[in-house]
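target01.cif, holding mmCIF, C-alpha atoms:
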data_query
#
loop_
_atom_site.group_PDB
_atom_site.id
_atom_site.type_symbol
_atom_site.label_atom_id
_atom_site.label_comp_id
_atom_site.auth_asym_id
_atom_site.auth_seq_id
_atom_site.Cartn_x
_atom_site.Cartn_y
_atom_site.Cartn_z
ATOM 1 C CA LEU O 1 78.600 23.709 12.160
ATOM 2 C CA GLY O 2 81.064 25.837 14.097
ATOM 3 C CA GLY O 3 79.047 25.867 17.317
ATOM 4 C CA LYS O 4 76.905 29.011 17.214
ATOM 5 C CA THR O 5 73.659 27.172 17.931
ATOM 6 C CA SER O 6 75.384 25.005 20.557
ATOM 7 C CA ASN O 7 76.411 28.183 22.386
ATOM 8 C CA LEU O 8 72.808 29.401 22.540
ATOM 9 C CA GLU O 9 71.522 25.984 23.553
ATOM 10 C CA HIS O 10 74.036 25.856 26.417
ATOM 11 C CA ILE O 11 73.058 29.336 27.613
ATOM 12 C CA TYR O 12 69.371 28.430 27.360
ATOM 13 C CA GLY O 13 69.941 25.284 29.424
ATOM 14 C CA LYS O 14 71.825 27.080 32.191
ATOM 15 C CA VAL O 15 69.955 30.373 32.549
ATOM 16 C CA LYS O 16 67.039 30.457 34.994
ATOM 17 C CA PRO O 17 63.727 29.934 33.179
ATOM 18 C CA ASP O 18 62.292 33.173 34.574
ATOM 19 C CA THR O 19 65.145 35.214 33.020
ATOM 20 C CA ARG O 20 65.014 33.791 29.527
ATOM 21 C CA GLY O 21 62.570 33.756 26.688
ATOM 22 C CA LYS O 22 61.832 30.943 24.313
ATOM 23 C CA LEU O 23 64.705 29.591 22.220
ATOM 24 C CA ILE O 24 63.576 29.810 18.614
ATOM 25 C CA SER O 25 65.535 27.787 16.097
ATOM 26 C CA LEU O 26 64.899 27.535 12.385
ATOM 27 C CA ALA O 27 67.035 24.627 11.219
ATOM 28 C CA THR O 28 67.140 22.279 8.268
ATOM 29 C CA GLU O 29 66.686 18.506 8.567
ATOM 30 C CA THR O 30 70.469 18.188 8.939
ATOM 31 C CA GLU O 31 70.356 20.551 11.951
ATOM 32 C CA ARG O 32 72.095 23.400 10.138
ATOM 33 C CA THR O 33 70.725 26.816 11.010
ATOM 34 C CA LEU O 34 68.543 27.909 8.113
ATOM 35 C CA PHE O 35 67.712 31.494 9.000
ATOM 36 C CA PHE O 36 68.665 32.228 12.608
ATOM 37 C CA ASP O 37 68.428 31.139 16.218
ATOM 38 C CA PHE O 38 67.079 33.606 18.741
ATOM 39 C CA LEU O 39 67.220 33.688 22.533
ATOM 40 C CA PRO O 40 66.160 36.656 24.688
ATOM 41 C CA VAL O 41 67.875 36.827 28.097
ATOM 42 C CA ASP O 42 67.014 39.262 30.921
ATOM 43 C CA LEU O 43 70.042 40.530 32.808
ATOM 44 C CA GLY O 44 68.016 42.404 35.408
ATOM 45 C CA THR O 45 68.599 46.050 36.247
ATOM 46 C CA ILE O 46 71.993 47.504 35.422
ATOM 47 C CA ARG O 47 72.640 51.143 36.404
ATOM 48 C CA GLY O 48 68.930 51.708 36.699
ATOM 49 C CA PHE O 49 68.051 50.253 33.298
ATOM 50 C CA LYS O 50 66.161 47.021 32.769
ATOM 51 C CA THR O 51 68.524 45.082 30.540
ATOM 52 C CA ARG O 52 67.534 42.381 28.083
ATOM 53 C CA PHE O 53 69.834 40.894 25.477
ATOM 54 C CA HIS O 54 68.529 39.335 22.298
ATOM 55 C CA LEU O 55 71.027 36.710 21.205
ATOM 56 C CA TYR O 56 70.955 35.651 17.560
ATOM 57 C CA THR O 57 72.987 33.206 15.531
ATOM 58 C CA VAL O 58 73.172 33.288 11.773
ATOM 59 C CA PRO O 59 74.085 30.576 9.277
ATOM 60 C CA GLY O 60 77.752 30.549 8.373
ATOM 61 C CA GLN O 61 77.440 29.282 4.810
ATOM 62 C CA VAL O 62 78.213 31.795 2.038
ATOM 63 C CA TYR O 63 74.801 31.041 0.517
ATOM 64 C CA TYR O 64 73.120 32.776 3.482
ATOM 65 C CA GLN O 65 75.024 36.058 3.267
ATOM 66 C CA THR O 66 71.795 38.069 2.916
ATOM 67 C CA THR O 67 70.462 36.591 6.162
ATOM 68 C CA ARG O 68 73.667 37.508 7.980
ATOM 69 C CA LYS O 69 73.422 41.077 6.712
ATOM 70 C CA LEU O 70 69.805 41.373 7.860
ATOM 71 C CA VAL O 71 70.511 40.150 11.394
ATOM 72 C CA LEU O 72 73.648 42.308 11.628
ATOM 73 C CA GLN O 73 71.689 45.491 10.875
ATOM 74 C CA GLY O 74 70.462 45.988 14.418
ATOM 75 C CA ALA O 75 73.349 44.352 16.258
ATOM 76 C CA ASP O 76 74.989 46.116 19.172
ATOM 77 C CA GLY O 77 77.799 43.563 19.347
ATOM 78 C CA VAL O 78 79.180 40.483 17.608
ATOM 79 C CA VAL O 79 80.615 37.194 18.796
ATOM 80 C CA PHE O 80 82.540 35.593 15.964
ATOM 81 C CA VAL O 81 82.538 31.836 16.596
ATOM 82 C CA ALA O 82 85.511 30.225 14.886
ATOM 83 C CA ASP O 83 85.659 26.452 14.491
ATOM 84 C CA SER O 84 89.123 25.480 15.739
ATOM 85 C CA GLN O 85 89.263 22.361 13.559
ATOM 86 C CA ALA O 86 92.379 22.634 11.388
ATOM 87 C CA ARG O 87 90.377 21.911 8.236
ATOM 88 C CA GLN O 88 88.180 24.968 8.930
ATOM 89 C CA LEU O 89 90.933 27.602 9.124
ATOM 90 C CA ALA O 90 90.488 28.996 5.601
ATOM 91 C CA GLU O 91 86.701 29.132 6.062
ATOM 92 C CA ASN O 92 87.108 30.967 9.385
ATOM 93 C CA ILE O 93 89.371 33.567 7.775
ATOM 94 C CA GLU O 94 86.938 34.040 4.888
ATOM 95 C CA SER O 95 83.966 34.366 7.261
ATOM 96 C CA PHE O 96 85.752 36.924 9.437
ATOM 97 C CA GLN O 97 86.615 39.000 6.363
ATOM 98 C CA ASP O 98 82.991 38.659 5.215
ATOM 99 C CA LEU O 99 81.819 39.972 8.596
ATOM 100 C CA HIS O 100 84.011 43.049 8.231
ATOM 101 C CA GLU O 101 82.745 43.625 4.676
ATOM 102 C CA ASN O 102 79.115 43.278 5.769
ATOM 103 C CA LEU O 103 79.638 45.795 8.566
ATOM 104 C CA ALA O 104 81.365 48.226 6.188
ATOM 105 C CA GLU O 105 78.482 47.937 3.689
ATOM 106 C CA GLN O 106 76.164 49.075 6.478
ATOM 107 C CA GLY O 107 78.400 52.008 7.320
ATOM 108 C CA VAL O 108 79.618 50.399 10.551
ATOM 109 C CA ASP O 109 83.294 50.634 11.402
ATOM 110 C CA ALA O 110 84.261 47.162 12.637
ATOM 111 C CA ARG O 111 86.849 48.793 14.913
ATOM 112 C CA THR O 112 84.086 50.495 16.905
ATOM 113 C CA MET O 113 81.642 47.561 16.981
ATOM 114 C CA PRO O 114 81.828 45.615 20.245
ATOM 115 C CA MET O 115 83.252 42.270 19.166
ATOM 116 C CA VAL O 116 84.881 39.149 20.577
ATOM 117 C CA ILE O 117 86.118 35.943 19.002
ATOM 118 C CA GLN O 118 85.360 32.517 20.376
ATOM 119 C CA TYR O 119 87.588 29.616 19.320
ATOM 120 C CA ASN O 120 85.173 26.734 19.671
ATOM 121 C CA LYS O 121 85.752 22.973 19.730
ATOM 122 C CA ILE O 122 88.914 23.444 21.772
ATOM 123 C CA ASP O 123 88.175 20.053 23.334
ATOM 124 C CA LEU O 124 89.156 18.239 20.124
ATOM 125 C CA PRO O 125 92.459 16.336 20.061
ATOM 126 C CA GLU O 126 95.428 18.602 19.311
ATOM 127 C CA GLU O 127 96.161 16.922 15.985
ATOM 128 C CA LEU O 128 92.685 17.876 14.689
ATOM 129 C CA ARG O 129 92.693 21.541 15.624
ATOM 130 C CA THR O 130 94.671 24.655 14.901
ATOM 131 C CA PRO O 131 96.638 25.826 17.952
ATOM 132 C CA VAL O 132 95.192 28.969 19.558
ATOM 133 C CA PRO O 133 98.328 31.096 18.915
ATOM 134 C CA GLU O 134 98.013 30.318 15.194
ATOM 135 C CA LEU O 135 94.269 31.080 15.251
ATOM 136 C CA GLU O 136 95.077 34.402 16.901
ATOM 137 C CA GLN O 137 97.686 35.199 14.243
ATOM 138 C CA GLN O 138 95.508 34.136 11.299
ATOM 139 C CA ILE O 139 92.088 35.444 12.389
ATOM 140 C CA ASN O 140 92.481 37.983 15.162
ATOM 141 C CA PHE O 141 94.512 40.582 13.281
ATOM 142 C CA ARG O 142 92.861 43.354 15.345
ATOM 143 C CA GLY O 143 93.784 41.861 18.709
ATOM 144 C CA ILE O 144 90.200 41.891 20.006
ATOM 145 C CA PRO O 145 89.277 39.871 23.108
ATOM 146 C CA SER O 146 89.153 36.152 22.390
ATOM 147 C CA PHE O 147 87.989 33.114 24.308
ATOM 148 C CA THR O 148 88.368 29.372 23.937
ATOM 149 C CA ALA O 149 85.290 27.219 24.318
ATOM 150 C CA ASP O 150 83.670 23.824 24.121
ATOM 151 C CA ALA O 151 80.105 24.912 23.373
ATOM 152 C CA LEU O 152 78.691 21.385 23.570
ATOM 153 C CA HIS O 153 79.800 20.976 27.181
ATOM 154 C CA GLY O 154 79.942 24.603 28.342
ATOM 155 C CA PRO O 155 83.502 25.665 29.134
ATOM 156 C CA GLY O 156 84.093 29.151 27.758
ATOM 157 C CA VAL O 157 80.485 29.838 26.732
ATOM 158 C CA PHE O 158 79.566 32.178 29.576
ATOM 159 C CA GLU O 159 83.027 33.752 29.556
ATOM 160 C CA THR O 160 82.409 34.673 25.901
ATOM 161 C CA LEU O 161 78.930 36.009 26.708
ATOM 162 C CA ARG O 162 80.326 38.044 29.594
ATOM 163 C CA GLY O 163 83.071 39.435 27.339
ATOM 164 C CA ILE O 164 80.692 40.712 24.676
ATOM 165 C CA SER O 165 78.098 41.864 27.233
ATOM 166 C CA GLU O 166 80.639 44.052 29.013
ATOM 167 C CA GLN O 167 81.708 45.663 25.738
ATOM 168 C CA VAL O 168 78.132 46.309 24.594
ATOM 169 C CA LEU O 169 77.099 47.780 27.945
ATOM 170 C CA ARG O 170 80.228 49.945 28.071
ATOM 171 C CA LYS O 171 79.541 51.304 24.571
ATOM 172 C CA LEU O 172 75.845 51.926 25.294
ATOM 173 C CA SER O 173 76.751 53.633 28.571
ATOM 174 C CA ALA O 174 79.316 55.858 26.829
ATOM 175 C CA GLY O 175 76.681 56.796 24.256
ATOM 176 C CA ARG O 176 74.350 58.020 26.998
ATOM 177 C CA THR O 177 76.982 60.105 28.738
ATOM 178 C CA GLY O 178 79.134 61.141 25.782
#
Please express the file's structure as structure tokens.
Amino acid sequence: LGGKTSNLEHIYGKVKPDTRGKLISLATETERTLFFDFLPVDLGTIRGFKTRFHLYTVPGQVYYQTTRKLVLQGADGVVFVADSQARQLAENIESFQDLHENLAEQGVDARTMPMVIQYNKIDLPEELRTPVPELEQQINFRGIPSFTADALHGPGVFETLRGISEQVLRKLSAGRTG
């Protein structure tokens, strides 16, 4: 319940209908993502290439580790959505470490994978959330780009998407020329 699905729902609601596909969500009765959410988004032509991003979310619960590994297999980039609620700090740290382990198991060096962190739920009262500098110290040990967001209402969602999109496109472009 960190906000991954809320991010996709916000993007879906704001992107022009002719540039997006259908938002597919497989959720439980309690609205928790069961397998994944999927949203294709056309970005138009970039440097002569028709560009389409497939955005996926995966369930955060440890029980669904296999699902996360499956979706990660073909990923060109990762947005790690951290729940900024103070009571979620240990879970965020564990999930971020799990992400790195999953990438390593697939032979992917996390240092070369385009990645950003989004600190979601930043709209909560200060007494309920971990301050961003502490989140940065505890989670973002690599110093990768990070963004604050309120996925339910939109602030920070497109900034996060832009951040990961730029990294992915830069890496793909370097792969074509390098």
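For the structure in this document, the set picked by the PyMOL selection byres ((chain O and resi 151-162) around 9) is Gly3, Lys4, Thr5, Ser6, Asn7, Leu8, Glu9, His10, Ile11, Val79, Val116, Ile117, Gln118, Asn120, Lys121, Ser146, Phe147, Thr148, Ala149, Asp150, Gly163, Ile164, Ser165, Glu166 and Gln167 of chain O.
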So what does the PyMOL selection byres ((chain O and resi 43-45) around 12) actually pick up in this one, as a list in words? Val15, Lys16, Asp18, Thr19, Arg20, Gly21, Pro40, Val41, Asp42, Ile46, Arg47, Gly48, Phe49, Lys50, Thr51, Arg52, Phe53, His54, Leu161, Arg162, Ser165, Glu166 and Leu169 of chain O
I need the residues from that last selection saved to file as a PDB file, in the coordinates of the input (with C-alpha atoms), if you can.
ATOM      1  CA  VAL O  15      69.955  30.373  32.549  1.00  0.00           C
ATOM      2  CA  LYS O  16      67.039  30.457  34.994  1.00  0.00           C
ATOM      3  CA  ASP O  18      62.292  33.173  34.574  1.00  0.00           C
ATOM      4  CA  THR O  19      65.145  35.214  33.020  1.00  0.00           C
ATOM      5  CA  ARG O  20      65.014  33.791  29.527  1.00  0.00           C
ATOM      6  CA  GLY O  21      62.570  33.756  26.688  1.00  0.00           C
ATOM      7  CA  PRO O  40      66.160  36.656  24.688  1.00  0.00           C
ATOM      8  CA  VAL O  41      67.875  36.827  28.097  1.00  0.00           C
ATOM      9  CA  ASP O  42      67.014  39.262  30.921  1.00  0.00           C
ATOM     10  CA  ILE O  46      71.993  47.504  35.422  1.00  0.00           C
ATOM     11  CA  ARG O  47      72.640  51.143  36.404  1.00  0.00           C
ATOM     12  CA  GLY O  48      68.930  51.708  36.699  1.00  0.00           C
ATOM     13  CA  PHE O  49      68.051  50.253  33.298  1.00  0.00           C
ATOM     14  CA  LYS O  50      66.161  47.021  32.769  1.00  0.00           C
ATOM     15  CA  THR O  51      68.524  45.082  30.540  1.00  0.00           C
ATOM     16  CA  ARG O  52      67.534  42.381  28.083  1.00  0.00           C
ATOM     17  CA  PHE O  53      69.834  40.894  25.477  1.00  0.00           C
ATOM     18  CA  HIS O  54      68.529  39.335  22.298  1.00  0.00           C
ATOM     19  CA  LEU O 161      78.930  36.009  26.708  1.00  0.00           C
ATOM     20  CA  ARG O 162      80.326  38.044  29.594  1.00  0.00           C
ATOM     21  CA  SER O 165      78.098  41.864  27.233  1.00  0.00           C
ATOM     22  CA  GLU O 166      80.639  44.052  29.013  1.00  0.00           C
ATOM     23  CA  LEU O 169      77.099  47.780  27.945  1.00  0.00           C
TER      24      LEU O 169
END
Pick from O:Pro145, O:Val132, O:Ala110, O:Gln137: nearest to Asp76 of chain O, with all atoms listed in the file counted?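 Using all atoms listed in the file, the shortest distance to Asp76 of chain O belongs to O:Ala110.
Residue nearest Ser84 of chain O within the list O:Lys22, O:Arg129, O:Arg68, O:His100: O:Arg129 [criterion: smallest interatomic distance, all atoms listed in the file].
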Distance in Å - atom CA of Ser95 of chain O versus atom CA of Asp123 of chain O: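 Taking atom CA of Ser95 of chain O as the start and atom CA of Asp123 of chain O as the end point, the length is 21.9 Å.
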Please list as a tab-separated table (two decimals) with C-alpha atoms, in the coordinates of the input every residue within 12 Å of Gly74 of chain O, counting only C-alpha atoms and excluding residues in the same chain fewer than 6 positions away.
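Wrote it out as part.tsv, contents follow:
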chain	number	residue	atom	x	y	z
O	54	HIS	CA	68.53	39.34	22.30
O	55	LEU	CA	71.03	36.71	21.20
O	56	TYR	CA	70.96	35.65	17.56
O	68	ARG	CA	73.67	37.51	7.98
O	103	LEU	CA	79.64	45.80	8.57
O	106	GLN	CA	76.16	49.08	6.48
O	108	VAL	CA	79.62	50.40	10.55
O	113	MET	CA	81.64	47.56	16.98
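Distance-wise, atom CA of Asn102 of chain O and atom CA of Leu72 of chain O end up 8.1 Å apart.
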Write segment 89-102 of chain O as a PDB file, in the frame of the given file, completed to N, CA, C and O atoms.
ATOM      1  N   LEU O  89      90.205  26.337   8.996  1.00  0.00           N
ATOM      2  CA  LEU O  89      90.933  27.602   9.124  1.00  0.00           C
ATOM      3  C   LEU O  89      90.639  28.565   7.975  1.00  0.00           C
ATOM      4  O   LEU O  89      90.307  29.733   8.211  1.00  0.00           O
ATOM      5  N   ALA O  90      90.728  28.107   6.746  1.00  0.00           N
ATOM      6  CA  ALA O  90      90.488  28.996   5.601  1.00  0.00           C
ATOM      7  C   ALA O  90      89.056  29.537   5.623  1.00  0.00           C
ATOM      8  O   ALA O  90      88.827  30.722   5.337  1.00  0.00           O
ATOM      9  N   GLU O  91      88.102  28.688   5.980  1.00  0.00           N
ATOM     10  CA  GLU O  91      86.701  29.132   6.062  1.00  0.00           C
ATOM     11  C   GLU O  91      86.514  30.186   7.159  1.00  0.00           C
ATOM     12  O   GLU O  91      85.765  31.147   6.991  1.00  0.00           O
ATOM     13  N   ASN O  92      87.182  29.988   8.298  1.00  0.00           N
ATOM     14  CA  ASN O  92      87.108  30.967   9.385  1.00  0.00           C
ATOM     15  C   ASN O  92      87.633  32.326   8.931  1.00  0.00           C
ATOM     16  O   ASN O  92      87.016  33.356   9.202  1.00  0.00           O
ATOM     17  N   ILE O  93      88.766  32.317   8.255  1.00  0.00           N
ATOM     18  CA  ILE O  93      89.371  33.567   7.775  1.00  0.00           C
ATOM     19  C   ILE O  93      88.427  34.254   6.802  1.00  0.00           C
ATOM     20  O   ILE O  93      88.167  35.457   6.901  1.00  0.00           O
ATOM     21  N   GLU O  94      87.874  33.487   5.875  1.00  0.00           N
ATOM     22  CA  GLU O  94      86.938  34.040   4.888  1.00  0.00           C
ATOM     23  C   GLU O  94      85.687  34.614   5.572  1.00  0.00           C
ATOM     24  O   GLU O  94      85.225  35.700   5.231  1.00  0.00           O
ATOM     25  N   SER O  95      85.167  33.902   6.553  1.00  0.00           N
ATOM     26  CA  SER O  95      83.966  34.366   7.261  1.00  0.00           C
ATOM     27  C   SER O  95      84.234  35.640   8.052  1.00  0.00           C
ATOM     28  O   SER O  95      83.383  36.534   8.116  1.00  0.00           O
ATOM     29  N   PHE O  96      85.416  35.733   8.661  1.00  0.00           N
ATOM     30  CA  PHE O  96      85.752  36.924   9.437  1.00  0.00           C
ATOM     31  C   PHE O  96      85.894  38.136   8.510  1.00  0.00           C
ATOM     32  O   PHE O  96      85.432  39.237   8.827  1.00  0.00           O
ATOM     33  N   GLN O  97      86.506  37.925   7.347  1.00  0.00           N
ATOM     34  CA  GLN O  97      86.615  39.000   6.363  1.00  0.00           C
ATOM     35  C   GLN O  97      85.224  39.400   5.867  1.00  0.00           C
ATOM     36  O   GLN O  97      84.933  40.586   5.696  1.00  0.00           O
ATOM     37  N   ASP O  98      84.359  38.406   5.653  1.00  0.00           N
ATOM     38  CA  ASP O  98      82.991  38.659   5.215  1.00  0.00           C
ATOM     39  C   ASP O  98      82.241  39.499   6.255  1.00  0.00           C
ATOM     40  O   ASP O  98      81.510  40.421   5.906  1.00  0.00           O
ATOM     41  N   LEU O  99      82.440  39.192   7.525  1.00  0.00           N
ATOM     42  CA  LEU O  99      81.819  39.972   8.596  1.00  0.00           C
ATOM     43  C   LEU O  99      82.234  41.434   8.498  1.00  0.00           C
ATOM     44  O   LEU O  99      81.397  42.339   8.562  1.00  0.00           O
ATOM     45  N   HIS O 100      83.519  41.679   8.329  1.00  0.00           N
ATOM     46  CA  HIS O 100      84.011  43.049   8.231  1.00  0.00           C
ATOM     47  C   HIS O 100      83.426  43.755   7.005  1.00  0.00           C
ATOM     48  O   HIS O 100      83.054  44.922   7.079  1.00  0.00           O
ATOM     49  N   GLU O 101      83.325  43.041   5.891  1.00  0.00           N
ATOM     50  CA  GLU O 101      82.745  43.625   4.676  1.00  0.00           C
ATOM     51  C   GLU O 101      81.265  43.949   4.883  1.00  0.00           C
ATOM     52  O   GLU O 101      80.797  45.014   4.470  1.00  0.00           O
ATOM     53  N   ASN O 102      80.541  43.039   5.509  1.00  0.00           N
ATOM     54  CA  ASN O 102      79.115  43.278   5.769  1.00  0.00           C
ATOM     55  C   ASN O 102      78.910  44.494   6.671  1.00  0.00           C
ATOM     56  O   ASN O 102      77.998  45.289   6.443  1.00  0.00           O
TER      57      ASN O 102
END
